[in-house]
>>> print(open('upload26.txt').read())   # compact mmCIF, C-alpha atoms
# COMPACT_ATOMS: atom_id res chain seq x y z
CA MET A 1395 -19.52 -15.81 7.71
CA VAL A 1396 -17.11 -16.53 10.57
CA PHE A 1397 -14.80 -19.51 10.90
CA SER A 1398 -16.59 -20.82 13.99
CA SER A 1399 -20.06 -20.75 12.42
CA VAL A 1400 -21.96 -23.95 11.63
CA ILE A 1401 -22.34 -23.07 7.94
CA PHE A 1402 -18.58 -22.62 7.57
CA LEU A 1403 -17.51 -25.70 9.54
CA PHE A 1404 -20.00 -28.21 8.19
CA LEU A 1405 -20.83 -26.90 4.73
CA PHE A 1406 -18.50 -24.32 3.22
CA LEU A 1407 -15.11 -25.68 4.35
CA PRO A 1408 -15.79 -29.40 3.56
CA ILE A 1409 -17.07 -28.52 0.07
CA VAL A 1410 -14.12 -26.22 -0.66
CA LEU A 1411 -11.55 -28.77 0.52
CA GLY A 1412 -13.25 -31.70 -1.21
CA CYS A 1413 -13.51 -29.99 -4.58
CA TYR A 1414 -10.00 -28.57 -4.27
CA TYR A 1415 -8.42 -32.02 -3.95
CA LEU A 1416 -10.67 -33.54 -6.62
CA LEU A 1417 -10.01 -30.91 -9.28
CA PRO A 1418 -7.15 -31.72 -11.68
CA GLY A 1419 -4.40 -29.21 -12.41
CA ARG A 1420 -3.14 -26.16 -10.61
CA GLU A 1421 -5.11 -23.64 -12.69
CA ALA A 1422 -8.42 -25.34 -11.95
CA LYS A 1423 -7.60 -25.42 -8.25
CA ASN A 1424 -6.69 -21.72 -8.29
CA LEU A 1425 -9.90 -20.75 -10.06
CA TRP A 1426 -11.88 -22.78 -7.54
CA LEU A 1427 -10.17 -21.01 -4.63
CA VAL A 1428 -10.92 -17.63 -6.22
CA ALA A 1429 -14.60 -18.52 -6.65
CA ALA A 1430 -14.83 -19.87 -3.09
CA SER A 1431 -13.13 -16.77 -1.68
CA LEU A 1432 -15.50 -14.40 -3.49
CA LEU A 1433 -18.48 -16.44 -2.30
CA PHE A 1434 -17.12 -16.33 1.26
CA TYR A 1435 -16.75 -12.55 1.11
CA ALA A 1436 -20.16 -12.13 -0.55
CA PHE A 1437 -21.75 -13.21 2.74
CA SER A 1438 -20.81 -9.76 4.07
CA GLY A 1439 -22.91 -8.08 1.38
CA LEU A 1440 -22.12 -6.29 -1.85
CA TRP A 1441 -18.76 -5.11 -0.54
CA TYR A 1442 -17.06 -7.71 -2.73
CA ILE A 1443 -17.44 -5.11 -5.51
CA LEU A 1444 -15.10 -2.82 -3.54
CA LEU A 1445 -12.74 -5.77 -3.04
CA LEU A 1446 -12.66 -6.44 -6.80
CA PHE A 1447 -12.07 -2.74 -7.49
CA SER A 1448 -9.19 -2.65 -5.02
CA VAL A 1449 -7.62 -5.77 -6.52
CA PHE A 1450 -7.97 -4.42 -10.05
CA CYS A 1451 -6.32 -1.10 -9.12
CA ASN A 1452 -3.37 -2.89 -7.52
CA TYR A 1453 -3.09 -5.36 -10.41
CA LEU A 1454 -3.04 -2.46 -12.87
CA ALA A 1455 -0.44 -0.61 -10.80
CA GLY A 1456 1.66 -3.76 -10.63
CA LEU A 1457 1.89 -3.90 -14.42
CA PHE A 1458 3.79 -0.58 -14.45
CA ALA A 1459 5.23 -0.34 -10.93
CA SER A 1460 8.66 -1.86 -11.48
CA GLY A 1461 11.19 0.86 -10.67
CA ARG A 1462 8.63 3.65 -11.11
CA LYS A 1463 8.10 5.71 -7.95
CA SER A 1464 5.26 7.69 -9.51
CA VAL A 1465 3.19 4.52 -9.98
CA LEU A 1466 4.03 3.37 -6.48
CA TYR A 1467 2.99 6.72 -4.98
CA ALA A 1468 -0.25 6.67 -6.98
CA ALA A 1469 -1.05 3.16 -5.72
CA VAL A 1470 -0.36 4.21 -2.13
CA ALA A 1471 -2.60 7.27 -2.54
CA VAL A 1472 -5.49 5.27 -4.03
CA ASN A 1473 -5.32 2.50 -1.44
CA LEU A 1474 -4.98 4.79 1.56
CA GLY A 1475 -7.60 7.10 0.09
CA ILE A 1476 -10.17 4.29 -0.08
CA LEU A 1477 -9.25 3.15 3.41
CA GLY A 1478 -9.45 6.71 4.76
CA ILE A 1479 -12.87 7.36 3.25
CA PHE A 1480 -14.44 4.30 4.82
CA LYS A 1481 -12.67 4.43 8.18
CA TYR A 1482 -12.20 8.12 8.92
CA LEU A 1483 -14.50 10.28 6.77
CA THR A 1484 -17.39 10.15 9.24
CA PHE A 1485 -15.08 11.05 12.15
CA LEU A 1486 -13.54 13.92 10.13
CA VAL A 1487 -16.95 15.39 9.23
CA GLN A 1488 -18.12 15.13 12.86
CA THR A 1489 -14.97 16.95 13.97
CA VAL A 1490 -15.42 19.74 11.42
CA ASP A 1491 -19.09 20.09 12.40
CA ARG A 1492 -17.98 21.21 15.86
CA LEU A 1493 -16.57 24.42 14.41
CA PRO A 1494 -18.82 27.50 14.80
CA GLY A 1495 -21.15 28.02 11.87
CA VAL A 1496 -20.27 24.73 10.16
CA THR A 1497 -23.05 22.29 9.38
CA ILE A 1498 -22.10 19.41 7.12
CA PRO A 1499 -24.33 16.33 6.78
CA VAL A 1500 -22.59 13.41 8.47
CA PRO A 1501 -22.32 10.52 6.00
CA SER A 1502 -23.51 7.12 7.15
CA ILE A 1503 -20.74 4.80 6.00
CA VAL A 1504 -20.69 1.09 6.78
CA LEU A 1505 -17.15 -0.23 7.23
CA PRO A 1506 -16.53 -3.08 4.76
CA VAL A 1507 -15.39 -6.35 6.31
CA GLY A 1508 -11.64 -6.84 6.12
CA ILE A 1509 -10.93 -3.56 4.31
CA SER A 1510 -7.69 -2.94 6.22
CA PHE A 1511 -6.38 -6.41 5.42
CA PHE A 1512 -7.11 -6.47 1.70
CA THR A 1513 -5.94 -2.85 1.31
CA PHE A 1514 -2.50 -3.46 2.81
CA GLN A 1515 -2.29 -6.86 1.11
CA GLY A 1516 -2.78 -5.09 -2.22
CA LEU A 1517 -0.15 -2.51 -1.31
CA SER A 1518 2.23 -5.32 -0.47
CA TYR A 1519 1.85 -6.66 -4.00
CA VAL A 1520 2.60 -3.30 -5.63
CA ILE A 1521 5.57 -2.64 -3.34
CA ASP A 1522 7.07 -6.08 -3.98
CA VAL A 1523 6.70 -5.67 -7.75
CA TYR A 1524 8.25 -2.20 -7.52
CA ARG A 1525 11.28 -3.74 -5.84
CA ASN A 1526 11.45 -6.89 -7.98
CA GLU A 1527 9.99 -6.94 -11.51
CA ARG A 1528 10.20 -10.75 -11.55
CA LEU A 1529 7.23 -10.85 -9.20
CA LYS A 1530 4.94 -8.99 -11.63
CA SER A 1531 1.88 -11.03 -12.57
CA THR A 1532 0.17 -10.59 -15.94
CA HIS A 1533 -2.85 -12.60 -14.77
CA PHE A 1534 -5.52 -10.78 -12.79
CA ARG A 1535 -6.74 -14.02 -11.20
CA ASP A 1536 -3.33 -14.60 -9.56
CA VAL A 1537 -3.39 -11.22 -7.84
CA LEU A 1538 -7.04 -11.76 -6.91
CA LEU A 1539 -6.19 -15.14 -5.37
CA TYR A 1540 -3.33 -13.63 -3.36
CA ILE A 1541 -5.43 -10.78 -1.96
CA ALA A 1542 -8.84 -12.45 -1.62
CA LEU A 1543 -7.93 -15.94 -0.37
CA PHE A 1544 -10.62 -16.51 2.25
CA PRO A 1545 -8.58 -17.98 5.18
CA GLN A 1546 -6.84 -14.62 5.68
CA LEU A 1547 -9.15 -12.16 3.94
CA VAL A 1548 -11.14 -10.89 6.93
CA ALA A 1549 -8.76 -11.53 9.82
CA GLY A 1550 -5.25 -11.57 8.39
CA PRO A 1551 -2.40 -11.97 8.76
CA ILE A 1552 -1.06 -9.68 6.05
CA ILE A 1553 1.49 -11.65 4.05
CA ARG A 1554 3.98 -10.40 1.47
CA TYR A 1555 3.45 -11.36 -2.14
CA GLU A 1556 7.04 -12.43 -2.62
CA ASP A 1557 6.55 -15.09 0.07
CA VAL A 1558 3.74 -16.84 -1.81
CA ALA A 1559 4.24 -15.85 -5.48
CA ASP A 1560 5.91 -19.12 -6.47
CA GLU A 1561 3.35 -21.25 -4.65
CA ILE A 1562 0.47 -19.80 -6.65
CA HIS A 1563 1.69 -21.78 -9.68
CA SER A 1564 3.84 -24.45 -8.09
CA ARG A 1565 2.92 -26.03 -4.78
CA ARG A 1566 2.75 -29.53 -3.43
CA ASN A 1567 -0.25 -30.73 -1.44
CA THR A 1568 -0.11 -33.96 0.54
CA LEU A 1569 -2.43 -35.73 2.95
CA GLU A 1570 0.19 -35.22 5.64
CA GLN A 1571 0.08 -31.44 5.11
CA LEU A 1572 -3.73 -31.55 5.12
CA ALA A 1573 -3.79 -33.46 8.40
CA LYS A 1574 -1.29 -31.06 9.96
CA GLY A 1575 -3.37 -28.08 8.85
CA LEU A 1576 -6.58 -29.60 10.19
CA ARG A 1577 -4.93 -30.28 13.55
CA ARG A 1578 -3.82 -26.65 13.82
CA PHE A 1579 -7.27 -25.47 12.79
CA ILE A 1580 -8.96 -27.66 15.40
CA VAL A 1581 -6.59 -26.52 18.14
CA GLY A 1582 -7.11 -22.86 17.25
CA LEU A 1583 -10.89 -23.27 17.03
CA SER A 1584 -10.94 -25.04 20.41
CA LYS A 1585 -8.97 -22.22 22.03
CA LYS A 1586 -11.42 -19.69 20.61
CA LEU A 1587 -14.59 -21.53 21.65
CA LEU A 1588 -13.43 -22.90 24.99
CA ILE A 1589 -11.18 -20.08 26.22
CA ALA A 1590 -11.42 -16.84 24.26
CA ASP A 1591 -15.21 -16.69 23.86
CA ILE A 1592 -15.84 -17.59 27.51
CA CYS A 1593 -13.31 -15.06 28.77
CA GLY A 1594 -14.74 -12.48 26.37
CA ASN A 1595 -18.22 -12.93 27.81
CA VAL A 1596 -16.87 -12.48 31.34
CA VAL A 1597 -14.96 -9.33 30.37
CA ALA A 1598 -18.03 -7.91 28.58
CA LEU A 1599 -20.09 -8.53 31.71
CA ILE A 1600 -17.51 -6.86 33.94
CA TYR A 1601 -17.39 -3.75 31.76
CA THR A 1602 -21.14 -3.13 31.79
CA PRO A 1603 -22.02 0.08 33.75
CA THR A 1604 -23.87 -1.82 36.50
CA ALA A 1605 -21.00 -4.22 37.08
CA LEU A 1606 -18.44 -1.40 37.11
CA CYS A 1607 -20.42 0.52 39.72
CA TRP A 1608 -20.87 -2.58 41.85
CA THR A 1609 -17.12 -3.33 41.64
CA ALA A 1610 -16.26 0.27 42.51
CA GLY A 1611 -18.54 0.13 45.55
CA ARG A 1612 -17.02 -3.13 46.76
CA LEU A 1613 -13.54 -1.62 46.46
CA GLY A 1614 -14.54 1.48 48.37
CA TRP A 1615 -14.27 3.81 45.42
CA PRO A 1616 -16.63 6.80 45.02
CA ARG A 1617 -20.16 5.71 44.23
CA CYS A 1618 -21.23 6.20 40.62
CA ALA A 1619 -24.68 6.96 39.30
CA ILE A 1620 -26.35 4.87 36.61
>>> encode(input="upload26.txt", output="structure tokens")
Amino acid sequence: MVFSSVIFLFLFLPIVLGCYYLLPGREAKNLWLVAASLLFYAFSGLWYILLLFSVFCNYLAGLFASGRKSVLYAAVAVNLGILGIFKYLTFLVQTVDRLPGVTIPVPSIVLPVGISFFTFQGLSYVIDVYRNERLKSTHFRDVLLYIALFPQLVAGPIIRYEDVADEIHSRRNTLEQLAKGLRRFIVGLSKKLLIADICGNVVALIYTPTALCWTAGRLGWPRCAI
């Protein structure tokens, strides 16, 4: 699901916002945001299981990370290991296969949506707890909400846990803030649909082989074969 899709704009987002403001109490609102975020990510397939595993590992590391470098190093190794397997294992095997006499089956690995963002978001939590024990959360759902919150899950930005830790339990929502957020969302969506997408289509057309050869010929460059 992408933010500019019809199902997000006219179904998912209105329902999430409506229920959020109708639900009483901060805990109920947080649980609703967690459920909505997992549903949002589930549209990409079963990769939400990997997301939950990543969050659990970082939550567990956060329980013991305060002042302990060994726990911090272990969390870094696990997070970067997961990221490396999904992003670079296929490339590494293909590179090794070029060596004489080496024949290793190349794994077919699908890159999970947003893996870089939720990996480094989880690392941010562990690092912040390592530096400041006050930030440690004993509730798994709080860490899950921080890492999996759908507005930034698949496209960022990566935010530090210490910047939002207090707002998970104590935040103030007003109609004025809602209106301001909707205005920013509409402006950003308009820029994407009216400017970025149109320019992207033009650039994609220019970079097709036929268009490149035609452009090269018009500029007097050496003719290329298609």
>>> atom_distance(input="upload26.txt", atom1="CA of Asp1557 in chain A", atom2="CA of Lys1585 in chain A")
27.8 Å
>>> residues_around(input="upload26.txt", residues="range 1430-1437 of chain A", least_positions_apart="2", cutoff="12 Å", atoms="only C-alpha atoms", output="ChimeraX atom specification")
/A:1395-1397,1401-1402,1405-1411,1413-1414,1423-1428,1439-1446,1506-1509,1512,1535,1538-1549
>>> atom_distance(input="upload26.txt", atom1="CA of Ile1503 in chain A", atom2="CA of Ala1471 in chain A")
20.2 Å
>>> closest_residue(input="upload26.txt", among="A:Leu1576, A:Leu1454, A:Leu1493, A:Leu1417", to="Val1472 in chain A", atoms="all atoms listed in the file")
A:Leu1454
>>> residues_around(input="upload26.txt", residues="Glu1527 in chain A", least_positions_apart="4", cutoff="8 Å", atoms="all atoms listed in the file", output="list in words")
Ser1460, Gly1461 and Val1523 of chain A
>>> atom_distance(input="upload26.txt", atom1="CA of Asn1473 in chain A", atom2="CA of Val1504 in chain A")
17.5 Å
>>> residues_around(input="upload26.txt", residues="Leu1517 in chain A", least_positions_apart="4", cutoff="9 Å", atoms="all atoms listed in the file", output="list in words")
Asn1452, Leu1466, Ala1469, Val1470, Asn1473, Phe1512, Thr1513, Ile1521 and Asp1522 of chain A
